[in-house]
>>> print(open('data_10.txt').read())   # compact mmCIF, C-alpha atoms and all ligand atoms
# COMPACT_ATOMS: atom_id res chain seq x y z
CA MET S 23 0.00 0.00 0.00
CA ASP S 24 1.15 3.53 -0.72
CA LYS S 25 2.68 4.71 2.53
CA ALA S 26 0.95 8.03 2.08
CA HIS S 27 -2.43 6.44 2.52
CA THR S 28 -1.83 4.22 5.49
CA SER S 29 -3.76 6.59 7.76
CA SER S 30 -6.86 5.97 5.68
CA HIS S 31 -8.98 2.82 5.83
CA ARG S 32 -8.74 2.46 2.06
CA THR S 33 -6.21 3.30 -0.59
CA THR S 34 -7.21 6.21 -2.77
CA ASP S 35 -7.56 3.78 -5.70
CA GLU S 36 -10.26 2.02 -3.73
CA TYR S 37 -11.75 5.38 -2.72
CA PHE S 38 -12.14 6.49 -6.34
CA LYS S 39 -13.32 3.08 -7.49
CA ALA S 40 -16.12 3.26 -4.91
CA LEU S 41 -16.83 6.88 -5.80
CA TYR S 42 -17.33 6.10 -9.50
CA GLN S 43 -19.72 3.29 -8.61
CA ARG S 44 -22.05 5.72 -6.85
CA ASP S 45 -24.97 7.16 -8.83
CA VAL S 46 -24.32 10.20 -10.98
CA VAL S 47 -26.21 13.02 -9.29
CA LEU S 48 -25.15 15.85 -11.60
CA GLN S 49 -24.68 15.35 -15.30
CA VAL S 50 -23.66 18.18 -17.61
CA ASP S 51 -23.72 17.24 -21.29
CA LYS S 52 -22.21 19.40 -24.03
CA LEU S 53 -23.35 22.56 -22.28
CA THR S 54 -22.88 25.74 -24.28
CA GLN S 55 -23.66 29.27 -23.19
CA SER S 56 -23.13 32.55 -24.99
CA PHE S 57 -23.84 36.18 -24.18
CA ASP S 58 -24.13 39.35 -26.21
CA GLN S 59 -21.00 41.36 -25.62
CA GLY S 60 -20.38 44.64 -27.41
CA GLY S 61 -23.02 43.84 -30.02
CA SER S 62 -21.76 40.38 -30.95
CA LYS S 63 -22.34 36.95 -29.54
CA LYS S 64 -19.52 35.63 -27.41
CA VAL S 65 -19.33 31.93 -26.59
CA ILE S 66 -18.62 31.66 -22.85
CA LEU S 67 -18.99 27.92 -22.23
CA GLN S 68 -18.50 25.39 -25.00
CA ASP S 69 -19.32 21.71 -24.89
CA VAL S 70 -18.82 21.42 -21.14
CA SER S 71 -19.47 17.86 -20.01
CA LEU S 72 -19.18 16.53 -16.45
CA GLN S 73 -20.42 13.64 -14.39
CA ILE S 74 -20.45 14.16 -10.66
CA HIS S 75 -21.30 11.35 -8.30
CA GLU S 76 -23.34 11.23 -5.12
CA ARG S 77 -21.57 12.75 -2.10
CA GLU S 78 -18.65 13.86 -4.23
CA PHE S 79 -16.83 17.12 -3.49
CA VAL S 80 -15.78 18.77 -6.73
CA CYS S 81 -14.00 22.08 -7.08
CA VAL S 82 -14.08 24.13 -10.27
CA ILE S 83 -11.10 26.37 -10.94
CA GLY S 84 -9.95 28.41 -13.91
CA PRO S 85 -8.90 31.93 -14.86
CA SER S 86 -11.12 34.91 -14.18
CA GLY S 87 -13.84 35.24 -16.80
CA CYS S 88 -13.64 31.61 -17.99
CA GLY S 89 -17.25 30.94 -17.04
CA LYS S 90 -17.12 29.33 -13.57
CA SER S 91 -19.97 31.40 -12.14
CA THR S 92 -21.89 31.03 -15.39
CA LEU S 93 -21.63 27.25 -15.02
CA GLY S 94 -22.65 27.43 -11.34
CA ARG S 95 -25.68 29.59 -12.11
CA ILE S 96 -26.83 27.22 -14.85
CA ILE S 97 -26.52 24.18 -12.58
CA ALA S 98 -28.46 26.07 -9.89
CA GLY S 99 -31.17 26.82 -12.46
CA LEU S 100 -30.73 30.58 -12.18
CA ASP S 101 -29.83 31.04 -15.87
CA ALA S 102 -31.27 29.41 -18.96
CA TYR S 103 -28.90 27.68 -21.39
CA PRO S 104 -29.35 27.49 -25.14
CA SER S 105 -27.84 24.08 -25.81
CA GLY S 106 -26.69 20.97 -24.05
CA GLU S 107 -28.30 19.39 -21.05
CA VAL S 108 -27.93 19.64 -17.28
CA ILE S 109 -29.50 16.86 -15.21
CA VAL S 110 -29.62 16.88 -11.41
CA ASP S 111 -31.02 13.91 -9.57
CA LYS S 112 -32.45 12.53 -12.83
CA GLU S 113 -34.32 15.76 -13.66
CA VAL S 114 -33.41 18.18 -16.44
CA VAL S 115 -32.60 21.58 -14.94
CA LYS S 116 -35.12 24.13 -16.19
CA GLY S 117 -35.14 26.58 -13.29
CA PRO S 118 -34.39 26.79 -9.56
CA SER S 119 -35.49 23.85 -7.45
CA ALA S 120 -35.12 22.55 -3.92
CA SER S 121 -32.77 19.86 -5.28
CA ARG S 122 -30.09 22.53 -5.75
CA GLY S 123 -28.84 25.00 -3.14
CA MET S 124 -26.57 27.92 -3.83
CA VAL S 125 -24.17 29.93 -1.67
CA PHE S 126 -22.50 33.00 -3.20
CA GLN S 127 -19.41 34.97 -2.26
CA GLY S 128 -21.40 38.13 -1.53
CA TYR S 129 -23.48 38.01 1.59
CA THR S 130 -26.95 37.41 0.26
CA LEU S 131 -28.97 37.22 3.46
CA PHE S 132 -32.11 39.31 3.75
CA PRO S 133 -30.94 42.21 5.91
CA TRP S 134 -34.39 42.87 7.35
CA LYS S 135 -34.83 39.29 8.56
CA THR S 136 -33.23 37.73 11.62
CA VAL S 137 -30.83 34.81 11.29
CA LYS S 138 -33.64 32.36 12.10
CA GLN S 139 -36.07 34.01 9.68
CA ASN S 140 -33.43 33.88 6.94
CA VAL S 141 -32.95 30.15 7.46
CA MET S 142 -36.72 29.55 7.62
CA PHE S 143 -37.26 31.27 4.28
CA GLY S 144 -37.05 28.17 2.04
CA PRO S 145 -39.39 25.94 4.08
CA ILE S 146 -41.94 28.77 4.45
CA MET S 147 -41.87 29.33 0.67
CA GLU S 148 -42.46 25.60 0.25
CA GLY S 149 -45.60 25.94 2.32
CA ARG S 150 -44.39 24.35 5.53
CA SER S 151 -45.95 25.65 8.75
CA LYS S 152 -44.16 28.32 10.74
CA SER S 153 -43.55 26.03 13.71
CA ASN S 154 -42.21 23.26 11.48
CA ALA S 155 -39.91 25.69 9.61
CA GLU S 156 -38.76 27.17 12.92
CA ARG S 157 -37.90 23.74 14.28
CA SER S 158 -35.82 22.88 11.19
CA ALA S 159 -34.14 26.31 11.24
CA ARG S 160 -33.09 25.75 14.85
CA GLU S 161 -31.66 22.33 13.98
CA TRP S 162 -29.61 23.80 11.14
CA LEU S 163 -28.45 26.75 13.20
CA ASP S 164 -27.30 24.27 15.80
CA ILE S 165 -25.37 22.31 13.15
CA VAL S 166 -23.57 25.45 11.93
CA GLY S 167 -22.97 26.57 15.52
CA LEU S 168 -25.13 29.69 15.48
CA SER S 169 -27.98 28.81 17.83
CA LYS S 170 -27.14 31.72 20.08
CA TYR S 171 -27.52 34.16 17.22
CA GLU S 172 -30.95 33.18 15.94
CA ASN S 173 -32.46 36.57 16.77
CA HIS S 174 -29.55 38.62 15.45
CA TYR S 175 -29.76 40.52 12.17
CA PRO S 176 -27.15 39.96 9.43
CA HIS S 177 -25.42 43.31 10.10
CA GLN S 178 -24.65 42.09 13.62
CA LEU S 179 -22.67 39.08 12.31
CA SER S 180 -19.10 38.60 11.09
CA GLY S 181 -18.45 37.51 7.49
CA GLY S 182 -17.84 33.89 8.52
CA MET S 183 -21.05 33.82 10.54
CA LYS S 184 -23.03 35.24 7.62
CA GLN S 185 -21.71 32.50 5.37
CA ARG S 186 -22.65 29.86 7.95
CA VAL S 187 -26.20 31.26 7.93
CA ALA S 188 -26.14 31.17 4.12
CA ILE S 189 -25.04 27.52 4.25
CA ALA S 190 -27.79 26.67 6.76
CA ARG S 191 -30.32 28.52 4.60
CA ALA S 192 -29.29 26.43 1.58
CA LEU S 193 -29.06 23.08 3.41
CA ILE S 194 -32.42 23.36 5.20
CA ASN S 195 -34.06 22.65 1.83
CA GLU S 196 -32.16 19.34 1.73
CA PRO S 197 -30.71 19.84 -1.74
CA LYS S 198 -28.98 16.96 -3.53
CA VAL S 199 -26.34 19.35 -4.83
CA LEU S 200 -24.93 22.43 -3.13
CA ILE S 201 -23.27 24.91 -5.49
CA MET S 202 -20.87 27.30 -3.77
CA ASP S 203 -19.42 30.19 -5.77
CA GLU S 204 -16.30 31.43 -4.00
CA PRO S 205 -18.17 31.33 -0.69
CA PHE S 206 -15.10 32.09 1.41
CA GLY S 207 -13.47 34.55 -1.00
CA ALA S 208 -14.24 37.58 1.14
CA LEU S 209 -13.05 36.05 4.43
CA ASP S 210 -9.72 36.60 6.14
CA PRO S 211 -7.32 33.61 5.93
CA TYR S 212 -7.94 32.46 9.51
CA THR S 213 -11.75 32.51 9.18
CA ARG S 214 -11.45 30.94 5.75
CA GLN S 215 -9.49 28.01 7.17
CA LYS S 216 -12.06 27.50 9.93
CA MET S 217 -14.87 27.60 7.38
CA GLN S 218 -13.12 25.06 5.15
CA LYS S 219 -12.84 22.67 8.07
CA HIS S 220 -16.45 23.31 9.06
CA LEU S 221 -17.63 22.64 5.52
CA LEU S 222 -15.65 19.39 5.30
CA ASP S 223 -17.19 18.27 8.61
CA LEU S 224 -20.67 19.11 7.31
CA TRP S 225 -20.06 17.34 4.01
CA ARG S 226 -18.80 14.22 5.76
CA ASN S 227 -21.88 14.04 7.93
CA ILE S 228 -24.72 14.78 5.55
CA ASP S 229 -25.82 13.37 2.23
CA ILE S 230 -24.72 16.19 -0.05
CA THR S 231 -22.76 16.61 -3.26
CA ILE S 232 -20.80 19.85 -3.44
CA VAL S 233 -19.71 21.84 -6.48
CA PHE S 234 -17.35 24.48 -5.12
CA ILE S 235 -16.02 27.28 -7.31
CA THR S 236 -12.76 28.86 -6.21
CA HIS S 237 -9.69 30.73 -7.40
CA ASP S 238 -7.61 29.36 -4.59
CA MET S 239 -5.58 26.25 -5.40
CA ASP S 240 -4.82 25.41 -1.77
CA GLU S 241 -8.55 25.51 -1.12
CA ALA S 242 -9.30 23.34 -4.18
CA VAL S 243 -6.75 20.66 -3.25
CA LEU S 244 -7.69 20.70 0.43
CA LEU S 245 -11.41 20.23 -0.24
CA SER S 246 -11.80 18.21 -3.43
CA ASP S 247 -12.25 14.66 -4.48
CA ARG S 248 -11.77 15.94 -8.02
CA ILE S 249 -10.86 19.30 -9.49
CA VAL S 250 -12.40 20.47 -12.76
CA VAL S 251 -10.03 22.86 -14.51
CA LEU S 252 -11.74 25.17 -16.97
CA LYS S 253 -9.82 27.07 -19.59
CA ALA S 254 -10.98 30.38 -20.97
CA ASN S 255 -12.03 31.70 -24.35
CA PRO S 256 -14.23 29.79 -24.65
CA GLY S 257 -14.76 28.06 -21.30
CA GLU S 258 -14.01 24.38 -21.86
CA VAL S 259 -13.08 21.58 -19.53
CA GLN S 260 -9.33 21.40 -19.76
CA ASP S 261 -8.77 18.62 -17.28
CA ILE S 262 -10.41 16.78 -14.41
CA ILE S 263 -7.91 15.85 -11.72
CA GLU S 264 -8.34 13.33 -8.94
CA VAL S 265 -6.98 14.43 -5.58
CA PRO S 266 -5.39 11.29 -4.14
CA LEU S 267 -5.03 12.56 -0.58
CA ALA S 268 -6.53 10.53 2.25
CA ARG S 269 -9.38 11.96 4.28
CA PRO S 270 -9.95 13.45 6.72
CA ARG S 271 -7.43 16.09 5.72
CA ALA S 272 -5.97 18.22 8.47
CA PRO S 273 -5.39 21.91 7.69
CA ASP S 274 -1.61 21.38 7.88
CA ILE S 275 -1.80 19.04 4.88
CA VAL S 276 -1.08 22.19 2.83
CA THR S 277 2.60 21.77 3.75
CA ASP S 278 2.71 18.05 2.86
CA SER S 279 4.99 17.29 -0.12
CA ARG S 280 2.27 15.39 -2.02
CA PHE S 281 -0.08 18.33 -1.56
CA LEU S 282 2.54 20.71 -2.90
CA GLN S 283 3.32 18.46 -5.88
CA LEU S 284 -0.34 18.22 -6.79
CA LYS S 285 -0.76 21.96 -6.47
CA ALA S 286 2.24 22.53 -8.74
CA ARG S 287 0.76 20.13 -11.29
CA ILE S 288 -2.59 21.94 -11.28
CA ASN S 289 -0.89 25.31 -11.40
CA ASN S 290 0.94 24.12 -14.46
CA ILE S 291 -2.29 22.97 -16.12
CA VAL S 292 -4.08 26.24 -15.32
CA HIS S 293 -1.29 28.55 -16.41
CA ASN S 294 0.49 26.70 -19.17
CA PRO S 295 -2.08 25.64 -21.72
CA GLN S 296 -1.29 28.35 -24.23
CA PRO S 297 -0.95 31.98 -23.29
CA GLN S 298 -4.55 33.08 -23.00
CA PRO S 299 -5.88 36.53 -23.68
CA ASP S 300 -7.82 38.14 -20.87
CA PHE S 301 -11.24 36.81 -21.61
CA ASP S 302 -13.18 39.17 -19.45
CA PRO S 303 -13.45 42.33 -21.58
CA ALA S 304 -13.44 44.41 -18.42
CA LEU S 305 -9.96 43.03 -17.65
CA ALA S 306 -8.73 43.60 -21.21
CA GLU S 307 -9.70 47.24 -20.96
CA MET S 308 -7.98 48.03 -17.68
CA PRO S 309 -6.87 51.66 -17.97
CA ASP S 310 -3.43 53.05 -17.14
CA ILE S 311 -3.93 55.03 -13.98
CA PRO S 312 -2.37 58.51 -14.15
CA ARG S 313 -0.55 59.58 -11.01
CA MET S 314 -3.03 61.70 -9.15
CA VAL S 315 -0.96 63.08 -6.29
CA PRO S 316 2.44 64.65 -6.76
CA LEU S 317 5.36 62.69 -5.35
CA ASP S 318 7.58 64.42 -2.85
CA LYS S 319 11.32 64.32 -3.43
CA LYS S 320 11.91 61.40 -1.07
CA ASP S 321 9.35 59.18 -2.88
CA GLN S 322 10.82 60.05 -6.26
CA GLN S 323 14.05 58.33 -5.27
CA VAL S 324 12.19 55.06 -4.89
CA ASN S 325 12.11 53.12 -8.11
CA HIS S 326 8.39 52.24 -8.67
N1 LIG T 1 -25.51 37.91 -17.90
C1 LIG T 1 -24.42 38.15 -18.63
N2 LIG T 1 -24.46 38.90 -19.75
C2 LIG T 1 -23.37 39.11 -20.53
N3 LIG T 1 -22.14 38.61 -20.25
C3 LIG T 1 -22.04 37.85 -19.13
C4 LIG T 1 -23.16 37.58 -18.27
N4 LIG T 1 -22.73 36.78 -17.24
C5 LIG T 1 -21.41 36.59 -17.45
N5 LIG T 1 -21.00 37.21 -18.57
C6 LIG T 1 -19.66 37.18 -19.12
O1 LIG T 1 -19.27 35.82 -19.20
C7 LIG T 1 -17.89 35.70 -18.91
C8 LIG T 1 -17.71 34.68 -17.82
O2 LIG T 1 -18.22 35.23 -16.61
P1 LIG T 1 -18.21 34.42 -15.25
O3 LIG T 1 -18.76 35.35 -14.21
O4 LIG T 1 -18.87 33.12 -15.43
O5 LIG T 1 -16.64 34.18 -15.05
P2 LIG T 1 -15.86 33.57 -13.80
O6 LIG T 1 -15.02 32.44 -14.32
O7 LIG T 1 -16.82 33.27 -12.71
O8 LIG T 1 -14.92 34.77 -13.40
P3 LIG T 1 -14.38 35.21 -11.93
O9 LIG T 1 -13.30 34.20 -11.61
O10 LIG T 1 -13.82 36.58 -12.15
O11 LIG T 1 -15.53 35.17 -10.98
C9 LIG T 1 -17.37 37.09 -18.58
O12 LIG T 1 -16.78 37.63 -19.75
C10 LIG T 1 -18.62 37.84 -18.22
O13 LIG T 1 -18.48 39.21 -18.51
MG MG T 2 -17.13 34.04 -10.78
>>> encode(input="data_10.txt", output="structure tokens")
Amino acid sequence: MDKAHTSSHRTTDEYFKALYQRDVVLQVDKLTQSFDQGGSKKVILQDVSLQIHEREFVCVIGPSGCGKSTLGRIIAGLDAYPSGEVIVDKEVVKGPSASRGMVFQGYTLFPWKTVKQNVMFGPIMEGRSKSNAERSAREWLDIVGLSKYENHYPHQLSGGMKQRVAIARALINEPKVLIMDEPFGALDPYTRQKMQKHLLDLWRNIDITIVFITHDMDEAVLLSDRIVVLKANPGEVQDIIEVPLARPRAPDIVTDSRFLQLKARINNIVHNPQPQPDFDPALAEMPDIPRMVPLDKKDQQVNH
């Protein structure tokens, strides 16, 4: 057995063999999406195909503007798609549904509702009684460790707490797939690390498949079973990489040599395909900033 995996009950070969035998819960088939940009049609995603299995944790990475959020929104049912097919839990995605939950980077809680009311929102919309929704909300707030804050308003919470409420609000609907679009991108590194651990604990203990979009390679390797690398212009699947690191993964795995080797390999795939133009037109048009305040003599000696 590979020495690296002796702490696990199974080798990673066995882990992946078992994973691929599980049902496919999310199937994306030749998905294409285009948008009007500057008067012409720009293909954003082209022939994207994926098969993600039950209880899998998949990260999606790729350069800015390659279509990660576009893919996430389509899977969530927030955007229509002109061609291809997206199937979640054997149903073709045609709009939002309780089978798919979404957590965004920006804090998207209702500011006028308390923490508990935010979490109750989905069940109430589904027609469940207030007392039933309240009971579930309390259970989920307990799971994310925020019971004491149920009557607080979002502005009274830290960024990490807001994201835990957002996770509880998504999970209370018992989705099959949770789509997370850079959910920890706005958090400081310490809070981010705690949230990663919390999310892994949640994932291990509930029946959920996670599609997690991130820019951060450490985060992708730490969290994933597999990493989908998208390339830009147009957004296509460049590679799908298995992460052969035993679970549970402690936060200090980021200094492990196998972790670093894998990260270097992914970095190479992301950055070395062919030099890619900035796909996001807003990035291509970044202006030169004129100096707006005069330098004093001392600053002028510094070579900027
Ligand atoms: N509704 C829309 N209308 C027109 N263009 C859009 C729309 N949504 C996204 N785009 C364009 O599609 C491209 C991909 O955007 P998307 O947000 O999916 O990229 P991303 O990979 O998530 O980038 P980032 O890493 O910066 O979040 C960008 O060029 C963006 O401007
Ligand atoms: Mg994005």
>>> residues_around(input="data_10.txt", residues="Gln55 of chain S", least_positions_apart="6", cutoff="10 Å", atoms="only C-alpha atoms", output="PyMOL selection string")
chain S and resi 64-70+89+92-93+96+101-106+256-257
>>> atom_distance(input="data_10.txt", atom1="atom CA of Ala40 of chain S", atom2="atom CA of Ile83 of chain S")
24.4 Å
>>> atom_distance(input="data_10.txt", atom1="atom CA of Ile235 of chain S", atom2="atom CA of Pro133 of chain S")
24.9 Å
>>> residues_near_ligand(input="data_10.txt", ligand="ligand MG 2 (chain T)", cutoff="10 Å", atoms="only C-alpha atoms and all ligand atoms", output="PDB file with C-alpha atoms, keeping the file's coordinate frame")
ATOM      1  CA  ILE S  83     -11.100  26.370 -10.940  1.00  0.00           C
ATOM      2  CA  GLY S  84      -9.950  28.410 -13.910  1.00  0.00           C
ATOM      3  CA  PRO S  85      -8.900  31.930 -14.860  1.00  0.00           C
ATOM      4  CA  SER S  86     -11.120  34.910 -14.180  1.00  0.00           C
ATOM      5  CA  GLY S  87     -13.840  35.240 -16.800  1.00  0.00           C
ATOM      6  CA  CYS S  88     -13.640  31.610 -17.990  1.00  0.00           C
ATOM      7  CA  GLY S  89     -17.250  30.940 -17.040  1.00  0.00           C
ATOM      8  CA  LYS S  90     -17.120  29.330 -13.570  1.00  0.00           C
ATOM      9  CA  SER S  91     -19.970  31.400 -12.140  1.00  0.00           C
ATOM     10  CA  THR S  92     -21.890  31.030 -15.390  1.00  0.00           C
ATOM     11  CA  LEU S  93     -21.630  27.250 -15.020  1.00  0.00           C
ATOM     12  CA  GLY S  94     -22.650  27.430 -11.340  1.00  0.00           C
ATOM     13  CA  ARG S  95     -25.680  29.590 -12.110  1.00  0.00           C
ATOM     14  CA  PHE S 126     -22.500  33.000  -3.200  1.00  0.00           C
ATOM     15  CA  GLN S 127     -19.410  34.970  -2.260  1.00  0.00           C
ATOM     16  CA  ASP S 203     -19.420  30.190  -5.770  1.00  0.00           C
ATOM     17  CA  GLU S 204     -16.300  31.430  -4.000  1.00  0.00           C
ATOM     18  CA  ILE S 235     -16.020  27.280  -7.310  1.00  0.00           C
ATOM     19  CA  THR S 236     -12.760  28.860  -6.210  1.00  0.00           C
ATOM     20  CA  HIS S 237      -9.690  30.730  -7.400  1.00  0.00           C
TER      21      HIS S 237
END
>>> atom_distance(input="data_10.txt", atom1="atom CA of Thr231 of chain S", atom2="atom CA of Val82 of chain S")
13.5 Å
>>> closest_residue(input="data_10.txt", among="S:Leu200, S:Ala254, S:Met308, S:Leu224", to="ligand LIG 1 (chain T)", atoms="all atoms listed in the file")
S:Ala254
>>> residues_around(input="data_10.txt", residues="segment 144-153 of chain S", least_positions_apart="6", cutoff="9 Å", atoms="all atoms listed in the file", output="PDB file with C-alpha atoms, keeping the file's coordinate frame")
ATOM      1  CA  ALA S 120     -35.120  22.550  -3.920  1.00  0.00           C
ATOM      2  CA  ALA S 159     -34.140  26.310  11.240  1.00  0.00           C
ATOM      3  CA  ARG S 191     -30.320  28.520   4.600  1.00  0.00           C
ATOM      4  CA  ALA S 192     -29.290  26.430   1.580  1.00  0.00           C
ATOM      5  CA  ILE S 194     -32.420  23.360   5.200  1.00  0.00           C
ATOM      6  CA  ASN S 195     -34.060  22.650   1.830  1.00  0.00           C
TER       7      ASN S 195
END
>>> residues_around(input="data_10.txt", residues="segment 71-81 of chain S", least_positions_apart="4", cutoff="6 Å", atoms="only C-alpha atoms", output="ChimeraX atom specification")
/S:44-52,230-235,242,246-249
>>> closest_residue(input="data_10.txt", among="S:Arg287, S:Lys198, S:Arg280, S:Arg269", to="Ala98 of chain S", atoms="all atoms listed in the file")
S:Lys198
>>> closest_residue(input="data_10.txt", among="S:Pro176, S:Pro205, S:Gly117, S:Gly167", to="ligand LIG 1 (chain T)", atoms="only C-alpha atoms and all ligand atoms")
S:Pro205
>>> closest_residue(input="data_10.txt", among="S:Gln185, S:Ser56, S:Ser279, S:Gln260", to="ligand LIG 1 (chain T)", atoms="all atoms listed in the file")
S:Ser56
>>> closest_residue(input="data_10.txt", among="S:Asn294, S:Asn140, S:Ser62, S:Thr33", to="ligand LIG 1 (chain T)", atoms="all atoms listed in the file")
S:Ser62
>>> residues_around(input="data_10.txt", residues="Thr277 of chain S", least_positions_apart="5", cutoff="12 Å", atoms="all atoms listed in the file", output="number ranges by chain")
S: 240, 243-244, 271-272, 282-285
>>> residues_around(input="data_10.txt", residues="Tyr175 of chain S", least_positions_apart="3", cutoff="10 Å", atoms="all atoms listed in the file", output="number ranges by chain")
S: 131-140, 171-172, 178-179, 184
